[in-house]
file structure_34.txt (compact mmCIF, C-alpha atoms and all ligand atoms)
# COMPACT_ATOMS: atom_id res chain seq x y z
CA PRO A 8 -3.88 -5.75 -26.23
CA PHE A 9 -7.11 -6.11 -24.23
CA ASN A 10 -7.87 -8.77 -21.64
CA THR A 11 -10.28 -11.16 -23.36
CA GLU A 12 -10.58 -13.60 -20.45
CA SER A 13 -13.28 -11.82 -18.50
CA LYS A 14 -16.43 -10.14 -19.82
CA PRO A 15 -16.40 -6.50 -18.61
CA VAL A 16 -19.54 -5.38 -16.75
CA ALA A 17 -20.63 -1.72 -16.48
CA LEU A 18 -20.61 -0.73 -12.79
CA LYS A 19 -22.07 2.74 -13.27
CA ASP A 20 -25.33 1.87 -11.48
CA THR A 21 -23.60 0.41 -8.42
CA ASP A 22 -22.39 2.20 -5.28
CA LEU A 23 -18.95 2.34 -6.95
CA PHE A 24 -20.09 5.65 -8.44
CA LYS A 25 -21.74 7.09 -5.34
CA PRO A 26 -19.87 9.81 -3.40
CA LEU A 27 -18.42 8.91 0.01
CA LYS A 28 -16.78 11.00 2.73
CA VAL A 29 -13.22 9.79 3.42
CA GLY A 30 -11.55 11.87 6.13
CA ASN A 31 -11.78 15.51 5.00
CA THR A 32 -12.40 14.53 1.37
CA THR A 33 -15.51 13.41 -0.49
CA VAL A 34 -14.71 10.97 -3.29
CA LEU A 35 -17.06 11.01 -6.31
CA ASN A 36 -16.28 7.39 -7.18
CA ARG A 37 -15.15 4.59 -4.89
CA VAL A 38 -12.34 3.29 -7.13
CA VAL A 39 -8.98 3.65 -5.34
CA LEU A 40 -5.48 3.56 -6.79
CA PRO A 41 -3.83 1.37 -4.11
CA PRO A 42 -0.14 1.67 -3.10
CA LEU A 43 1.86 0.23 -6.01
CA THR A 44 5.63 0.15 -5.84
CA ARG A 45 7.02 0.89 -9.29
CA MET A 46 10.77 1.25 -8.61
CA ARG A 47 11.30 4.32 -10.83
CA ALA A 48 12.75 6.69 -8.20
CA HIS A 49 16.21 8.17 -8.80
CA TYR A 50 19.20 6.65 -6.99
CA PRO A 51 21.01 8.10 -5.10
CA GLY A 52 18.50 10.27 -3.33
CA ASN A 53 15.32 8.15 -3.48
CA VAL A 54 13.70 11.04 -5.41
CA PRO A 55 10.45 10.47 -7.31
CA ASN A 56 11.33 10.26 -11.00
CA ARG A 57 11.52 13.85 -12.30
CA ASP A 58 10.67 12.81 -15.89
CA TRP A 59 7.84 10.32 -15.50
CA THR A 60 6.21 10.13 -12.05
CA LEU A 61 4.22 13.37 -12.35
CA GLU A 62 2.77 12.07 -15.64
CA TYR A 63 2.05 8.64 -14.06
CA TYR A 64 -0.06 10.11 -11.24
CA ASP A 65 -1.59 12.80 -13.50
CA GLN A 66 -2.90 10.10 -15.89
CA ARG A 67 -4.46 8.12 -13.02
CA SER A 68 -6.11 11.10 -11.28
CA LYS A 69 -7.84 12.60 -14.36
CA ARG A 70 -11.32 11.44 -13.28
CA PRO A 71 -12.38 14.12 -10.74
CA GLY A 72 -13.03 12.88 -7.20
CA THR A 73 -10.80 9.77 -7.36
CA MET A 74 -8.74 8.66 -4.33
CA LEU A 75 -5.11 7.78 -4.95
CA ILE A 76 -2.78 6.18 -2.43
CA THR A 77 0.82 6.63 -3.53
CA GLU A 78 3.41 3.88 -3.85
CA GLY A 79 5.19 3.15 -0.56
CA VAL A 80 7.26 6.15 0.55
CA PHE A 81 10.10 6.06 3.13
CA PRO A 82 9.78 8.59 6.00
CA SER A 83 13.54 8.40 6.66
CA ALA A 84 16.73 6.88 5.21
CA LYS A 85 16.85 4.04 7.74
CA ALA A 86 13.21 3.20 6.96
CA GLY A 87 14.28 2.36 3.41
CA GLY A 88 16.62 -0.07 1.76
CA TYR A 89 15.38 -0.15 -1.85
CA ASP A 90 17.45 2.13 -4.09
CA ASN A 91 14.67 2.96 -6.58
CA ALA A 92 11.79 3.56 -4.18
CA PRO A 93 11.01 7.16 -3.14
CA GLY A 94 11.29 8.89 0.22
CA ILE A 95 9.66 11.97 1.71
CA TRP A 96 12.34 13.02 4.19
CA THR A 97 14.53 15.41 2.11
CA GLU A 98 13.77 18.78 0.51
CA GLU A 99 14.55 17.47 -3.01
CA GLN A 100 12.09 14.58 -2.54
CA MET A 101 9.42 16.93 -1.18
CA VAL A 102 9.81 19.35 -4.09
CA GLU A 103 8.83 16.54 -6.49
CA TRP A 104 5.96 15.26 -4.29
CA LYS A 105 4.51 18.77 -4.01
CA LYS A 106 4.35 19.04 -7.83
CA ILE A 107 2.66 15.62 -7.99
CA PHE A 108 0.14 16.39 -5.21
CA ASP A 109 -0.67 19.77 -6.79
CA LYS A 110 -1.34 18.07 -10.13
CA ILE A 111 -3.64 15.48 -8.52
CA HIS A 112 -5.58 18.30 -6.83
CA GLU A 113 -5.69 20.21 -10.13
CA ASN A 114 -7.55 17.13 -11.44
CA GLU A 115 -9.87 17.48 -8.41
CA SER A 116 -8.71 14.13 -7.05
CA PHE A 117 -7.16 13.19 -3.71
CA VAL A 118 -3.81 11.79 -2.62
CA TRP A 119 -2.67 9.80 0.43
CA PRO A 120 1.05 8.88 0.55
CA GLN A 121 1.69 5.42 2.03
CA LEU A 122 4.36 5.59 4.79
CA TRP A 123 6.56 2.50 4.42
CA VAL A 124 9.26 1.10 6.73
CA LEU A 125 10.90 -2.04 5.31
CA GLY A 126 12.53 -3.78 8.29
CA ARG A 127 13.87 -7.19 7.29
CA GLU A 128 12.45 -6.91 3.77
CA ALA A 129 15.05 -4.25 2.97
CA ASP A 130 18.03 -5.08 0.75
CA PRO A 131 20.80 -5.71 3.31
CA LEU A 132 23.47 -4.82 0.74
CA SER A 133 21.93 -1.38 0.23
CA LEU A 134 21.76 -0.79 3.98
CA ALA A 135 25.34 -2.03 4.57
CA ARG A 136 26.59 0.27 1.78
CA ASP A 137 24.91 3.23 3.49
CA GLY A 138 26.06 2.27 6.97
CA LEU A 139 22.48 1.65 8.12
CA ARG A 140 21.18 -1.09 10.44
CA TYR A 141 19.26 -4.11 9.14
CA ASP A 142 16.26 -3.91 11.49
CA SER A 143 13.38 -6.18 12.43
CA ALA A 144 11.39 -7.23 15.51
CA SER A 145 14.02 -9.76 16.59
CA ASP A 146 17.68 -10.60 16.06
CA ASN A 147 18.40 -12.96 13.18
CA VAL A 148 14.93 -14.34 12.55
CA TRP A 149 15.72 -14.66 8.86
CA ARG A 150 13.12 -14.57 6.08
CA THR A 151 14.82 -17.38 4.20
CA LYS A 152 18.18 -19.23 4.14
CA GLU A 153 19.14 -17.19 1.07
CA ALA A 154 18.36 -13.90 2.86
CA GLU A 155 20.53 -15.03 5.78
CA GLU A 156 23.44 -15.90 3.51
CA GLU A 157 23.08 -12.66 1.55
CA ALA A 158 23.11 -10.55 4.72
CA LYS A 159 26.05 -12.43 6.22
CA LYS A 160 27.98 -12.00 2.94
CA ALA A 161 27.27 -8.27 3.28
CA GLY A 162 28.57 -8.51 6.83
CA ILE A 163 25.35 -7.24 8.32
CA GLU A 164 23.36 -8.89 11.12
CA GLN A 165 19.60 -8.58 11.47
CA HIS A 166 18.94 -6.44 14.51
CA GLY A 167 15.89 -6.68 16.83
CA ILE A 168 15.28 -3.01 17.48
CA THR A 169 15.41 -1.64 21.03
CA LYS A 170 12.59 0.30 22.67
CA ASP A 171 14.47 3.54 22.01
CA GLU A 172 14.82 2.61 18.35
CA ILE A 173 11.07 1.89 18.22
CA LYS A 174 10.49 5.40 19.60
CA GLN A 175 12.81 6.80 16.92
CA TYR A 176 10.86 5.01 14.17
CA ILE A 177 7.65 6.48 15.55
CA LYS A 178 9.27 9.92 15.23
CA ASP A 179 10.16 9.03 11.60
CA TYR A 180 6.53 8.15 10.85
CA VAL A 181 5.43 11.47 12.39
CA GLN A 182 8.03 13.37 10.34
CA GLY A 183 6.90 11.56 7.17
CA ALA A 184 3.28 12.44 7.91
CA ARG A 185 4.10 16.08 8.61
CA ASN A 186 6.14 16.31 5.40
CA SER A 187 3.28 14.70 3.43
CA ILE A 188 0.76 17.24 4.73
CA LYS A 189 3.28 20.05 4.08
CA CYS A 190 3.48 18.87 0.44
CA GLY A 191 -0.32 19.10 0.23
CA ALA A 192 -1.44 15.49 0.81
CA ASP A 193 -5.01 14.84 2.01
CA GLY A 194 -3.73 12.34 4.58
CA ILE A 195 -1.43 9.32 4.86
CA GLU A 196 -1.74 5.53 4.94
CA ILE A 197 0.26 3.58 7.51
CA HIS A 198 1.68 0.44 5.87
CA ALA A 199 1.15 -2.38 8.40
CA ALA A 200 0.87 -5.12 5.74
CA ASN A 201 2.87 -7.20 3.28
CA GLY A 202 5.64 -8.31 5.62
CA TYR A 203 7.21 -4.92 6.35
CA LEU A 204 8.36 -3.68 9.75
CA LEU A 205 4.96 -3.26 11.49
CA ASN A 206 3.83 -6.61 10.07
CA GLN A 207 7.09 -8.17 11.35
CA PHE A 208 6.00 -7.07 14.84
CA LEU A 209 2.41 -8.27 14.41
CA ASP A 210 3.36 -11.76 13.22
CA PRO A 211 4.72 -14.37 15.69
CA VAL A 212 6.74 -15.93 12.85
CA SER A 213 9.07 -12.88 12.90
CA ASN A 214 8.44 -11.42 16.37
CA LYS A 215 10.21 -13.53 19.02
CA ARG A 216 10.52 -10.64 21.50
CA THR A 217 10.12 -11.17 25.25
CA ASP A 218 9.53 -7.49 26.15
CA GLU A 219 6.21 -5.61 25.99
CA TYR A 220 6.33 -5.67 22.17
CA GLY A 221 6.22 -9.47 21.91
CA GLY A 222 4.84 -12.68 23.37
CA SER A 223 1.10 -12.01 23.00
CA ILE A 224 -1.37 -10.62 20.46
CA LYS A 225 -1.71 -7.46 22.56
CA ASN A 226 2.05 -6.96 22.78
CA ARG A 227 2.68 -7.72 19.11
CA ALA A 228 0.07 -5.09 18.14
CA CYS A 229 1.58 -2.46 20.44
CA PHE A 230 4.03 -0.88 17.94
CA THR A 231 1.34 -0.53 15.23
CA LEU A 232 -1.10 1.10 17.68
CA GLU A 233 1.61 3.44 19.01
CA VAL A 234 2.25 4.59 15.43
CA VAL A 235 -1.50 5.15 14.94
CA ASP A 236 -1.75 7.23 18.12
CA ALA A 237 1.36 9.30 17.33
CA LEU A 238 0.06 10.12 13.84
CA VAL A 239 -3.44 10.94 15.08
CA ASP A 240 -1.80 13.32 17.57
CA ALA A 241 0.40 14.85 14.88
CA ILE A 242 -2.00 15.34 11.93
CA GLY A 243 -5.48 14.33 13.12
CA GLU A 244 -7.47 11.07 12.84
CA ASP A 245 -9.25 12.20 9.66
CA LYS A 246 -5.88 12.26 7.88
CA VAL A 247 -4.75 8.79 8.94
CA GLY A 248 -5.56 5.45 7.31
CA ILE A 249 -3.94 2.05 7.80
CA ARG A 250 -3.31 -0.96 5.55
CA LEU A 251 -3.62 -4.51 6.92
CA ALA A 252 -3.17 -7.83 5.10
CA PRO A 253 -4.41 -10.66 7.36
CA TYR A 254 -3.58 -13.41 4.89
CA ASN A 255 -0.47 -11.96 3.30
CA THR A 256 2.55 -14.26 2.84
CA ASN A 257 4.80 -11.65 1.15
CA GLY A 258 7.97 -11.14 3.16
CA ASP A 259 7.62 -14.69 4.49
CA MET A 260 4.76 -13.85 6.83
CA SER A 261 2.50 -16.57 8.24
CA GLY A 262 -0.54 -15.83 6.08
CA SER A 263 -3.22 -18.44 6.76
CA TRP A 264 -0.64 -21.08 7.64
CA ASP A 265 -0.90 -20.17 11.34
CA PRO A 266 -4.63 -19.83 12.14
CA THR A 267 -3.87 -17.76 15.27
CA VAL A 268 -2.38 -14.93 13.15
CA PHE A 269 -5.77 -13.94 11.84
CA ALA A 270 -6.92 -13.04 15.38
CA HIS A 271 -4.22 -10.31 15.53
CA TYR A 272 -6.16 -8.33 12.93
CA ALA A 273 -9.44 -8.67 14.79
CA TYR A 274 -7.65 -7.32 17.85
CA VAL A 275 -6.10 -4.35 15.99
CA LEU A 276 -9.45 -3.53 14.35
CA GLY A 277 -11.14 -3.73 17.76
CA LYS A 278 -8.63 -1.30 19.26
CA LEU A 279 -9.15 1.06 16.30
CA GLU A 280 -12.94 0.89 16.75
CA LYS A 281 -12.58 1.64 20.48
CA ARG A 282 -10.49 4.70 19.59
CA ALA A 283 -13.20 5.65 17.07
CA GLN A 284 -15.91 5.35 19.73
CA ALA A 285 -13.81 7.64 21.93
CA GLY A 286 -13.97 10.24 19.15
CA LYS A 287 -10.85 9.35 17.14
CA ARG A 288 -12.09 7.46 14.07
CA LEU A 289 -9.41 6.91 11.40
CA ALA A 290 -10.26 7.97 7.85
CA PHE A 291 -10.17 4.35 6.62
CA VAL A 292 -8.95 0.81 7.12
CA HIS A 293 -7.48 -0.69 3.94
CA ILE A 294 -7.67 -4.49 3.71
CA PHE A 295 -5.57 -6.54 1.29
CA GLU A 296 -7.96 -9.40 0.37
CA PRO A 297 -6.97 -13.11 0.56
CA ARG A 298 -7.59 -13.15 -3.18
CA VAL A 299 -3.96 -11.98 -3.37
CA SER A 300 -1.48 -13.41 -0.87
CA ASN A 301 1.64 -12.23 -2.68
CA PRO A 302 2.05 -9.43 -5.24
CA TRP A 303 4.40 -11.57 -7.33
CA ASP A 304 1.67 -14.10 -8.10
CA ASN A 305 -0.14 -14.03 -11.42
CA GLU A 306 -3.84 -13.15 -11.50
CA GLY A 307 -5.75 -15.65 -9.37
CA ASP A 308 -2.67 -17.60 -8.27
CA GLY A 309 -1.95 -17.79 -4.55
CA ALA A 310 -5.50 -16.87 -3.57
CA TYR A 311 -6.48 -18.22 -0.16
CA ASN A 312 -10.02 -19.57 -0.42
CA GLY A 313 -10.25 -20.86 3.14
CA GLY A 314 -11.58 -17.66 4.61
CA THR A 315 -12.64 -14.07 3.99
CA THR A 316 -12.15 -10.67 5.59
CA ASP A 317 -15.92 -10.00 5.81
CA TYR A 318 -15.55 -10.11 9.61
CA VAL A 319 -13.89 -6.65 9.34
CA TYR A 320 -17.40 -5.17 9.18
CA SER A 321 -18.37 -6.90 12.42
CA ILE A 322 -15.67 -4.93 14.24
CA TRP A 323 -14.76 -1.77 12.28
CA LYS A 324 -17.72 0.55 11.56
CA GLY A 325 -15.81 3.13 9.53
CA VAL A 326 -14.68 3.38 5.91
CA VAL A 327 -13.14 0.21 4.41
CA ILE A 328 -11.01 -0.11 1.29
CA ARG A 329 -10.82 -3.67 -0.12
CA THR A 330 -8.13 -4.52 -2.67
CA GLY A 331 -7.22 -7.75 -4.41
CA ASN A 332 -7.84 -9.23 -7.82
CA LEU A 333 -11.14 -7.41 -8.50
CA ALA A 334 -10.70 -5.93 -12.00
CA ILE A 335 -11.58 -9.15 -13.87
CA HIS A 336 -14.11 -10.20 -11.23
CA PRO A 337 -16.88 -7.56 -11.43
CA GLU A 338 -19.27 -10.01 -9.76
CA ILE A 339 -17.07 -9.98 -6.63
CA ALA A 340 -16.75 -6.18 -6.81
CA LYS A 341 -20.56 -5.95 -6.84
CA GLU A 342 -20.73 -8.32 -3.86
CA PHE A 343 -18.24 -6.20 -1.89
CA LEU A 344 -20.18 -3.03 -2.75
CA LYS A 345 -23.23 -4.34 -0.91
CA GLN A 346 -21.42 -3.41 2.32
CA PRO A 347 -21.68 0.27 3.36
CA ASN A 348 -18.71 2.70 3.42
CA THR A 349 -16.71 0.49 1.05
CA LEU A 350 -14.16 1.58 -1.58
CA LEU A 351 -12.42 -0.83 -3.94
CA GLY A 352 -8.70 -0.78 -4.73
CA TYR A 353 -7.63 -1.94 -8.19
CA GLY A 354 -3.86 -2.50 -8.44
CA ARG A 355 -2.46 -4.28 -11.45
CA TYR A 356 -5.15 -3.13 -13.87
CA PHE A 357 -4.79 0.50 -12.74
CA ILE A 358 -1.14 0.14 -13.79
CA SER A 359 -2.21 -0.76 -17.35
CA ASN A 360 -5.40 1.35 -17.57
CA PRO A 361 -4.82 5.02 -16.72
CA ASP A 362 -8.55 5.58 -17.37
CA LEU A 363 -9.64 2.57 -15.30
CA VAL A 364 -12.45 4.52 -13.58
CA ASP A 365 -14.13 5.27 -16.92
CA ARG A 366 -13.66 1.68 -18.09
CA LEU A 367 -15.22 0.22 -14.92
CA GLU A 368 -18.13 2.67 -15.21
CA LYS A 369 -18.88 1.74 -18.81
CA GLY A 370 -17.79 -1.91 -18.77
CA LEU A 371 -15.06 -1.33 -21.38
CA PRO A 372 -12.35 -3.93 -22.10
CA LEU A 373 -9.13 -3.56 -20.08
CA ASN A 374 -5.54 -3.26 -21.33
CA LEU A 375 -3.46 -6.23 -20.27
CA TYR A 376 -0.52 -5.33 -18.03
CA ASP A 377 3.13 -6.11 -18.68
CA ARG A 378 4.32 -7.77 -15.45
CA PRO A 379 8.09 -7.71 -16.18
CA ARG A 380 7.79 -3.91 -16.29
CA PHE A 381 6.04 -3.50 -12.93
CA TYR A 382 9.31 -2.85 -11.09
CA ALA A 383 11.70 -1.97 -13.92
CA MET A 384 13.39 1.38 -14.55
CA PRO A 385 12.40 2.59 -18.02
CA ASP A 386 9.22 4.56 -18.73
CA LYS A 387 7.96 1.67 -20.89
CA GLY A 388 5.17 -0.04 -18.96
CA TYR A 389 4.86 3.01 -16.70
CA ILE A 390 3.37 5.99 -18.56
CA ASP A 391 2.83 4.52 -22.05
CA TYR A 392 -0.37 2.52 -21.49
CA PRO A 393 -3.15 3.94 -23.74
CA THR A 394 -6.58 5.17 -22.69
CA TYR A 395 -9.49 3.27 -24.24
CA ASP A 396 -9.90 5.80 -27.07
CA GLU A 397 -6.14 5.77 -27.78
CA ALA A 398 -6.17 1.96 -27.81
CA ILE A 399 -9.06 1.85 -30.31
CA LYS A 400 -7.24 4.37 -32.52
CA MET A 401 -4.18 2.09 -32.36
CA GLY A 402 -6.37 -0.74 -33.64
CA TRP A 403 -6.62 -2.71 -30.36
CA GLY A 404 -9.77 -4.75 -29.72
C1 LIG B 501 4.69 -0.51 -0.94
O1 LIG B 501 4.01 -1.55 -0.41
C2 LIG B 501 4.23 -2.83 -0.77
O2 LIG B 501 3.59 -3.66 -0.20
C3 LIG B 501 5.22 -3.11 -1.80
C4 LIG B 501 5.43 -4.38 -2.24
C5 LIG B 501 4.71 -5.47 -1.78
N1 LIG B 501 4.16 -6.40 -1.41
C6 LIG B 501 6.46 -4.65 -3.20
C7 LIG B 501 6.21 -5.50 -4.24
C8 LIG B 501 7.20 -5.72 -5.17
C9 LIG B 501 8.43 -5.10 -5.06
F1 LIG B 501 9.40 -5.31 -5.97
C10 LIG B 501 8.68 -4.28 -3.98
C11 LIG B 501 7.68 -4.05 -3.06

call {"tool": "encode", "arguments": {"input": "structure_34.txt", "output": "structure tokens"}}
result
Amino acid sequence: PFNTESKPVALKDTDLFKPLKVGNTTVLNRVVLPPLTRMRAHYPGNVPNRDWTLEYYDQRSKRPGTMLITEGVFPSAKAGGYDNAPGIWTEEQMVEWKKIFDKIHENESFVWPQLWVLGREADPLSLARDGLRYDSASDNVWRTKEAEEEAKKAGIEQHGITKDEIKQYIKDYVQGARNSIKCGADGIEIHAANGYLLNQFLDPVSNKRTDEYGGSIKNRACFTLEVVDALVDAIGEDKVGIRLAPYNTNGDMSGSWDPTVFAHYAYVLGKLEKRAQAGKRLAFVHIFEPRVSNPWDNEGDGAYNGGTTDYVYSIWKGVVIRTGNLAIHPEIAKEFLKQPNTLLGYGRYFISNPDLVDRLEKGLPLNLYDRPRFYAMPDKGYIDYPTYDEAIKMGWG
């Protein structure tokens, strides 16, 4: 069925359909498929689903010149800890990703895998089973009481990683980036948002370190910036993007609760802009808007209305991707598009509308999504959403 709540507005005459240079690519529309975990990878092996995932990305890259960021992808086994999320560290994983990236390029679209390291958001049982550490910025700064009990039941402590282990993770990111480029990707996105490992270092609620990676905004940003520099060295600044979520509460991060957390993002953006002015400008900065503070919330719930991320443009002068609850708010999308160099990520409604780009262009009604099937195994709610024409033929609307 179609969403009947919001009146669709044709965006074809806005900047959403003007080309823009992003790294070494030139997108022909500024709609972005943002990183969406779908939990369909094969276990064991963390291999992209051989039956469905090629179809899933093929459907969403049909409109030539569209930018896709993949679901979060683990650069190594210890970076993971979700059985049904994919990696890009083994040959069998890379074989599948190469087919997917080739298909996206066949559709004349672009693909940027998101490199994802879970830290304390991992499933401790999965890590204990595989004899892997349960890592974060600090020892035993638990997300919740339940998480603490679950980990202790699994007999696994939460480990504040050492400086050598930080260096090893940086090598993992580099390996993941190299593998992505080898499989044909146009670049990668560093995941520094949503409560995962880099966010656990950025946020004082989870980072209680007393070494040079904790204790101040500068120190808490150090790991993220070291990853940026290592990846720029390895694959070039025009193939590196980064995702930040200043207001995110997912993974029990501070969000807006601690007003000093917001300043961390201004600092990171400032350091990225200084690198840009020295000749190393990243391909993009991807901002998760306060309109979504947690991906589990229903549309519009959990939005933080006490502030915006407009200040990003005061600091960062490169390409910006803004994602968060835009599909049924075309008026906000139009507002965002008034800023230069801006692309818009559409998450949940790109799940349920494979032809979302066409629908946004023409102002066509949108298929509702089936939330219980966001992170479930079967192909239902993954590759069976109809295009607009298919939906009309099926009598929708
Ligand atoms: C991949 O990047 C993410 O941020 C993923 C999630 C978030 N937030 C996410 C959401 C739901 C899940 F079941 C697993 C990961």

call {"tool": "residues_around", "arguments": {"input": "structure_34.txt", "residues": "region 219-236 of chain A", "least_positions_apart": "4", "cutoff": "8 Å", "atoms": "all atoms listed in the file", "output": "PyMOL selection string"}}
result
chain A and resi 173+177+180+197+199+205+208-211+214-215+240+247+270-271+274-275

call {"tool": "residues_near_ligand", "arguments": {"input": "structure_34.txt", "ligand": "ligand LIG 501 (chain B)", "cutoff": "6 Å", "atoms": "all atoms listed in the file", "output": "ChimeraX atom specification"}}
result
/A:42-44,78-79,201,257,302,382

call {"tool": "closest_residue", "arguments": {"input": "structure_34.txt", "among": "A:Asn312, A:Lys69, A:Leu125, A:Ala144", "to": "Glu113 (chain A)", "atoms": "all atoms listed in the file"}}
result
A:Lys69

call {"tool": "closest_residue", "arguments": {"input": "structure_34.txt", "among": "A:Ala84, A:Ile76, A:Ala334, A:Ala340", "to": "Gly52 (chain A)", "atoms": "all atoms listed in the file"}}
result
A:Ala84

call {"tool": "atom_distance", "arguments": {"input": "structure_34.txt", "atom1": "CA of Gly404 (chain A)", "atom2": "CA of Pro337 (chain A)"}}
result
19.8 Å

call {"tool": "closest_residue", "arguments": {"input": "structure_34.txt", "among": "A:Arg288, A:Ala200, A:Leu238, A:Leu351", "to": "Pro253 (chain A)", "atoms": "all atoms listed in the file"}}
result
A:Ala200

call {"tool": "axis_aligned_box", "arguments": {"input": "structure_34.txt", "around": "region 165-180 of chain A", "padding_each_side": "3 Å", "output": "JSON"}}
result
{"center_x": 13.1, "center_y": 0.7, "center_z": 16.8, "size_x": 19.1, "size_y": 24.5, "size_z": 17.8}
